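First comes the structure, then the notes that go with it.
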Amino acid sequence: MIVKLACRALLRGKARFACAALGVAAAVAVVSFMTSLAATNKAQGPALAARALAALPVAAGAETLDCTVDYRPDGRVMQGPPMRATLATDPALDGDEPRVVVSKAMFGFRAHQGLPSVGDELAFVGRKGVMRAKIAKVLDVGKVVPGMPTAFVNAAARQAFGREEWQAYAAPDPKKLGDAFMTDGGRNVDRAQVLLLWAAALTALCLLANSLFLAVESNRRALAVLRTVGLTRGGVAKIVLAESFLASVVGAGLGVVLGLGALALHVMRDAATFPVGVAVSWTGVAACALASVLVALAAALVALRPALAVRPLEAASTRPAKKSRLGMTVAFACGFGAFVAVEVWGASLMRAFVPSAEWPDAIVSLLPAGMESADIEKLVQDGKVALKGVKRVHELAPLQVPFEPLEEMKGPGRGAVASRSDATPLGGGMKGGRGPMKQYRNVLLLASDYLPPFKLEGATRAEVERGVFAEGGCVITKMMANARKLKVGDKIEMNLRGEIASVPIVGVADLNWHMVTSRGLVRGLNRMPVFTDGPAFISFDTLDAIDPRPEKMVRMTHLWLDYDDAFLKEHGVFRAGRLVEKEIGERFGHPKTCTVRLHARDEVADGTLAHGDQLIGAMARIPYVFLGVLSLGFVAMLVAVADARKREYAVLRAVGATRAQLVARLAGDALKTACWGVAVGFPGGALAGWLFTAGTRAAMANWGIPAYFAVPSATIAEGAVGAVVMALAVAVPASLAIVGRLTRR
């Protein structure tokens with residue numbers, strides 16, 4: 001009897017049921033497609049690895065060397081992570097000059113920026129020197145994994161690399177390379193699975209709850225009649241549960257079929273990328289099935305309150321049904337709030353990575369071997385900077401040192417852990433300078449004879465400069481001060497190979513430094529981790545007093561400089577950097593022990609923002625896709641509103657109202673609902689985004705990231721307009737169809 005009553009209710013509300021079922025189907029289809037795509041990508045690993053190994057000309061007895069590549073597409077210094085290469089010796093590659101055969105895989109995602117041509121020269125940077133070789137050939141191998149060579153060199157190139165430590169090549173087992181061969185896109189899909197499932201569950205819940213709310217209002221009088229003839233409150237609950245579960249089951253089944261069918265077509269169109277074919281993620285399918293049951297139950301529980309509020313006396317009521325827009329308002333608010341949460345989360349995190357304007361205009365890295373301080377004097381003549389367009393240039397010496405007491409890093413960035421007890425806390429790891437070392441929380445000491453115009457707290461600039469250059473003090477960042485509860489007057493305690501050193505804090509600078517020190521290749525030297533609690537600015541005298549390295553090992557590895565304002569305005573950041581970089585190289589005579597690479601602060605900032613926009617944009621597309629799915633709920637809402645206004649519309653038509661006017665009234669309801677949803681979703685989404693930011697910051701404790709709250713108003717405004725337009729794009733055609741049906745009657 002209950003099922004029969006529920007089916008009759010569904011027949012009266014076909015549009016409502018169809019919208020709920022299709023919404024669930026769309027949400028399940030997206031999750032099924034993406035989870036199975038991640039499984040499919042992973043399954044291709046062994047086949048792709050075997051194909052790549054067959055395409056690589058690795059000779060018997062080959063030796064390999066891991067190094068970085070000084071690659072500059074279009075002349076621009078890369079502002080991302082250093083490009084790595086694994087060189088292998090190839091006896092078949094002859095020539096008296098260094099020659100190299102490179103693969104597309106060596107360039108990775110940067111290959112889309114343009115590959116170098118045969119005859120171009122690349123610089124390969126090892127731990128002890130630089131080798132420059134001309135390209136003899138480019139191999140069409142687009143993907144390898146760590147352990148596979150990405151470039152091949154002749155005997156002359158191997159000899160030119162000097163005292164680097166080459167290793168005998170051991171071919172990896174293709175069967176063990178499934179995870180390693182997954183693309184970055186595949187890994188992102190894998191990481192986003194939980195977010196996808198939650199977003200799909202929320203979308204399905206909102207659509208089902210909206211459908212059930214509308215069903216209660218549309219069938220209110222029928223339910224009251226049934227209550228009059230003996231239907232219990234339990235019977236009403238069973239009707240609601242039956243409709244919810246039926247819509248959820250139909251939608252989930254259809255969604256799985258659509259998702260896997262779309263994946264099969266996707267794999268079929270690109271058979272070369274997917275040699276193994278489709279691999280279904282039964283875990284993802286099972287998660288969708290379980291989520292659909294839980295969502296159906298949750299939606300029914302949400303809708304029970306208004307359903308159980310129906311009284312038998314309402315059977316005699318002649319009042320029209322309520323204009324129920326609450327369910328759709330809440331649903332749209334949840335969808336838009338998810339978009340806002342992702343944008344606020346991303347903007348709040350990215351704000352900490354955009355370099356502060358107080359940093360010098362550029363950092364110049366002289367790696368790996370650096371230069372003697374006497375050579376740096378070639379850039380300054382008679383007390384004046386000899387570089388055209390540069391008004392200030394100073395030496396910059398970095399040294400990473402663990403804090404005392406030693407505190408091992410936890411979570412992301414902790415690095416490798418030594419298995420022997422003789423690991424040292426600074427430089428070289430094991431005794432003898434080899435092997436991994438324990439990664440301790442550390443400070444990045446930056447020594448110079450110049451303190452940039454940072455925003456200082458706790459003392460005046462004159463007092464801070466006197467404390468740094470005359471009294472042996474340091475300036476730390478506000479991030480470090482907050483994280484380690486330090487203030488002016490305290491001391492930084494450091495462990496230098498068992499010797500304890502302390503430096504008084506004379507100032508605190510409020511600045512963002514992460515991307516400058518990373519892109520400028522300042523961190524991670526001397527086998528130290530690339531993660532640090534932050535920089536501390538000191539004088540050369542202070543560094544000399546505490547530096548445990550032998551004097552012969554200490555060379556100048558970095559410079560920082562400021563441009564002349566007129567020069568920068570004339571050439572712009574990119575060309576100004578290339579001109580200055582070229583002149584520095586010429587004055588140094590293009591040394592064979594290091595590369596000269598200029599990293600401009602504003603280039604770093606632009607690259608950071610661009611990467612952040614790409615990352616946040618990819619994440620924000622997930623809730624926006626489901627926001628589009630949620631728009632289907634407007635159809636059900638408008639059908640219910642039109643049914644409730646049938647008498648009103650008949651009167652309006654009788655007195656001369658046109659179809660366009662009736663359509664405008666219906667579409668206006670959708671517009672109001674969408675606007676209310678956007679208004680309600682914004683504060684909730686902003687709060688959720690801030691909470692996500694706090695959680696992410698806690699998980700990235702090794703990175704020293706400050707807590708910022710940033711709302712990208714322009715992006716959110718565009719998203720709000722897009723959400724409203726999306727709602728109208730569904731509502732207007734639906735209103736035309738609904739009014740056409742009513743007027744035909």
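Going by the structure tokens order, chains are called A, B, ..., each with residues numbered from 1, while ligands are numbered from 1 in the order shown.
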- [ ] Could you tell me, as an MDAnalysis selection string, which residues of segment 344-575 of chain A DSSP assigns to alpha helix (DSSP H) when given the backbone?
- [x] chainID A and resid 344:351 373:376 461:469 478:484 514:519 540:546 565:575
Please identify the strand (DSSP E) residues within segment 381-553 of chain A (assignment by DSSP from backbone atoms) and present them as a PDB file with C-alpha atoms, in the first residue's frame.
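Generated file (states24.pdb):
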ATOM      1  CA  GLN A 381      84.643  49.432  -9.412  1.00  0.00           C
ATOM      2  CA  LYS A 384      80.308  51.993  -7.744  1.00  0.00           C
ATOM      3  CA  VAL A 385      78.298  49.179  -9.345  1.00  0.00           C
ATOM      4  CA  VAL A 390      71.902  48.157 -11.420  1.00  0.00           C
ATOM      5  CA  LYS A 391      72.115  50.598  -8.536  1.00  0.00           C
ATOM      6  CA  ARG A 392      72.990  48.130  -5.778  1.00  0.00           C
ATOM      7  CA  VAL A 393      74.647  44.683  -5.670  1.00  0.00           C
ATOM      8  CA  HIS A 394      75.697  42.770  -2.559  1.00  0.00           C
ATOM      9  CA  GLU A 395      77.065  39.340  -1.732  1.00  0.00           C
ATOM     10  CA  LEU A 396      74.622  36.952  -0.058  1.00  0.00           C
ATOM     11  CA  ALA A 397      75.853  33.833   1.768  1.00  0.00           C
ATOM     12  CA  PRO A 398      73.236  31.244   2.869  1.00  0.00           C
ATOM     13  CA  LEU A 399      73.735  28.613   5.560  1.00  0.00           C
ATOM     14  CA  GLN A 400      71.000  26.350   6.961  1.00  0.00           C
ATOM     15  CA  VAL A 401      71.478  25.342  10.591  1.00  0.00           C
ATOM     16  CA  PRO A 402      69.310  23.116  12.869  1.00  0.00           C
ATOM     17  CA  ASN A 442      66.228  24.663  11.007  1.00  0.00           C
ATOM     18  CA  VAL A 443      66.851  28.322  10.348  1.00  0.00           C
ATOM     19  CA  LEU A 444      68.187  29.690   7.049  1.00  0.00           C
ATOM     20  CA  LEU A 445      70.987  32.129   7.879  1.00  0.00           C
ATOM     21  CA  LEU A 446      71.423  34.796   5.173  1.00  0.00           C
ATOM     22  CA  ALA A 447      74.634  36.772   5.621  1.00  0.00           C
ATOM     23  CA  LEU A 456      60.620  45.997  10.952  1.00  0.00           C
ATOM     24  CA  GLU A 457      58.853  45.479  14.253  1.00  0.00           C
ATOM     25  CA  CYS A 474      69.971  38.838  13.651  1.00  0.00           C
ATOM     26  CA  VAL A 475      66.626  39.782  12.135  1.00  0.00           C
ATOM     27  CA  ILE A 476      64.048  37.000  11.931  1.00  0.00           C
ATOM     28  CA  THR A 477      60.707  36.893  10.137  1.00  0.00           C
ATOM     29  CA  LYS A 491      68.170  34.399  21.231  1.00  0.00           C
ATOM     30  CA  ILE A 492      68.194  31.795  18.464  1.00  0.00           C
ATOM     31  CA  GLU A 493      69.939  28.658  19.689  1.00  0.00           C
ATOM     32  CA  MET A 494      71.582  26.572  16.918  1.00  0.00           C
ATOM     33  CA  ASN A 495      73.365  23.224  16.766  1.00  0.00           C
ATOM     34  CA  LEU A 496      76.445  23.338  14.535  1.00  0.00           C
ATOM     35  CA  GLU A 499      78.665  22.997  18.921  1.00  0.00           C
ATOM     36  CA  ILE A 500      75.945  25.287  20.298  1.00  0.00           C
ATOM     37  CA  ALA A 501      75.750  28.867  19.040  1.00  0.00           C
ATOM     38  CA  SER A 502      73.296  31.580  20.022  1.00  0.00           C
ATOM     39  CA  VAL A 503      72.525  34.809  18.176  1.00  0.00           C
ATOM     40  CA  PRO A 504      70.414  37.570  19.769  1.00  0.00           C
ATOM     41  CA  ILE A 505      67.298  38.733  17.932  1.00  0.00           C
ATOM     42  CA  VAL A 506      67.427  42.491  17.301  1.00  0.00           C
ATOM     43  CA  GLY A 507      64.489  42.827  14.900  1.00  0.00           C
ATOM     44  CA  VAL A 508      61.441  41.110  13.404  1.00  0.00           C
ATOM     45  CA  ALA A 509      60.575  41.599   9.716  1.00  0.00           C
ATOM     46  CA  PRO A 535      65.462  33.108   7.154  1.00  0.00           C
ATOM     47  CA  ALA A 536      67.480  35.035   9.715  1.00  0.00           C
ATOM     48  CA  PHE A 537      69.494  37.986   8.382  1.00  0.00           C
ATOM     49  CA  ILE A 538      72.993  38.340   9.837  1.00  0.00           C
TER      50      ILE A 538
END
Hey, what's within 8 Å of segment 680-687 of chain A if we count only C-alpha atoms and toss same-chain stuff fewer than 6 positions away? As an mmCIF file with N, CA and C atoms, in the first residue's frame, please?
data_model
loop_
_atom_site.group_PDB
_atom_site.id
_atom_site.type_symbol
_atom_site.label_atom_id
_atom_site.label_comp_id
_atom_site.auth_asym_id
_atom_site.auth_seq_id
_atom_site.Cartn_x
_atom_site.Cartn_y
_atom_site.Cartn_z
ATOM 1 N N VAL A 330 18.661 26.565 -0.142
ATOM 2 C CA VAL A 330 19.702 25.900 0.640
ATOM 3 C C VAL A 330 20.629 25.095 -0.271
ATOM 4 N N PHE A 332 21.336 25.566 -3.496
ATOM 5 C CA PHE A 332 22.198 26.449 -4.273
ATOM 6 C C PHE A 332 23.238 27.114 -3.378
ATOM 7 N N ALA A 333 22.858 27.427 -2.143
ATOM 8 C CA ALA A 333 23.810 28.018 -1.201
ATOM 9 C C ALA A 333 24.944 27.048 -0.899
ATOM 10 N N CYS A 334 24.629 25.763 -0.770
ATOM 11 C CA CYS A 334 25.679 24.764 -0.511
ATOM 12 C C CYS A 334 26.646 24.674 -1.691
ATOM 13 N N GLY A 335 26.095 24.673 -2.922
ATOM 14 C CA GLY A 335 26.956 24.584 -4.094
ATOM 15 C C GLY A 335 27.850 25.793 -4.245
ATOM 16 N N PHE A 336 27.281 26.994 -4.116
ATOM 17 C CA PHE A 336 28.089 28.200 -4.252
ATOM 18 C C PHE A 336 29.044 28.342 -3.070
ATOM 19 N N GLY A 337 28.609 27.928 -1.884
ATOM 20 C CA GLY A 337 29.490 27.987 -0.714
ATOM 21 C C GLY A 337 30.716 27.117 -0.882
ATOM 22 N N ALA A 338 30.561 25.946 -1.534
ATOM 23 C CA ALA A 338 31.720 25.086 -1.781
ATOM 24 C C ALA A 338 32.716 25.777 -2.704
ATOM 25 N N PHE A 339 32.219 26.466 -3.726
ATOM 26 C CA PHE A 339 33.094 27.220 -4.631
ATOM 27 C C PHE A 339 33.838 28.318 -3.866
ATOM 28 N N VAL A 340 33.103 29.065 -3.024
ATOM 29 C CA VAL A 340 33.724 30.136 -2.237
ATOM 30 C C VAL A 340 34.779 29.562 -1.292
ATOM 31 N N ALA A 341 34.477 28.408 -0.680
ATOM 32 C CA ALA A 341 35.423 27.804 0.258
ATOM 33 C C ALA A 341 36.742 27.474 -0.424
ATOM 34 N N VAL A 344 38.601 30.855 -1.232
ATOM 35 C CA VAL A 344 39.158 31.483 -0.030
ATOM 36 C C VAL A 344 40.336 30.669 0.489
ATOM 37 N N VAL A 711 40.125 37.009 0.798
ATOM 38 C CA VAL A 711 38.920 36.751 0.007
ATOM 39 C C VAL A 711 39.143 37.332 -1.389
#
Which residues come within 6 Å of Gly389 of chain A, counting only C-alpha atoms, excluding same-chain residues fewer than 6 positions away, as a PDB file with N, CA and C atoms, in the first residue's frame?
ATOM      1  N   TYR A 563      67.552  47.082  -9.246  1.00  0.00           N
ATOM      2  CA  TYR A 563      67.699  47.771 -10.517  1.00  0.00           C
ATOM      3  C   TYR A 563      67.589  49.284 -10.341  1.00  0.00           C
ATOM      4  N   ASP A 564      68.155  49.987 -11.315  1.00  0.00           N
ATOM      5  CA  ASP A 564      67.883  51.409 -11.446  1.00  0.00           C
ATOM      6  C   ASP A 564      66.454  51.561 -11.951  1.00  0.00           C
ATOM      7  N   PHE A 567      65.999  52.135 -15.687  1.00  0.00           N
ATOM      8  CA  PHE A 567      66.371  50.945 -16.465  1.00  0.00           C
ATOM      9  C   PHE A 567      65.247  49.908 -16.425  1.00  0.00           C
TER      10      PHE A 567
END
Task: Test item: residues at most 9 Å from Gly61 of chain A, only C-alpha atoms, excluding those fewer than 4 positions along its chain, as a ChimeraX atom specification - done: /A:89,168-169
Suppose we keep N, CA and C atoms; can you now write the selection as a PDB file, in the first residue's frame?
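Output below, filename selection.pdb:
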ATOM      1  N   THR A  89      75.876   7.195 -19.767  1.00  0.00           N
ATOM      2  CA  THR A  89      76.933   7.168 -20.785  1.00  0.00           C
ATOM      3  C   THR A  89      76.500   6.301 -21.965  1.00  0.00           C
ATOM      4  N   ALA A 168      76.793   2.776 -11.489  1.00  0.00           N
ATOM      5  CA  ALA A 168      76.453   1.754 -12.486  1.00  0.00           C
ATOM      6  C   ALA A 168      74.938   1.697 -12.658  1.00  0.00           C
ATOM      7  N   TYR A 169      74.491   1.599 -13.903  1.00  0.00           N
ATOM      8  CA  TYR A 169      73.053   1.610 -14.197  1.00  0.00           C
ATOM      9  C   TYR A 169      72.433   0.252 -13.898  1.00  0.00           C
TER      10      TYR A 169
END
Open item on the list: As an exercise, work out the distance from atom CA of Val24 of chain A to atom CA of Leu294 of chain A in Å and give it to one decimal place.
Closed with: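 Interatomic distance, atom CA of Val24 of chain A to atom CA of Leu294 of chain A: 12.6 Å.
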Open item on the list: Considering only C-alpha atoms, can you say which of A:Val58, A:Ile738, A:Ala307, A:His611 comes closest to Gly235 of chain A?
Closed with: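 Of A:Val58, A:Ile738, A:Ala307, A:His611, the one nearest Gly235 of chain A is A:Ala307, counting only C-alpha atoms.
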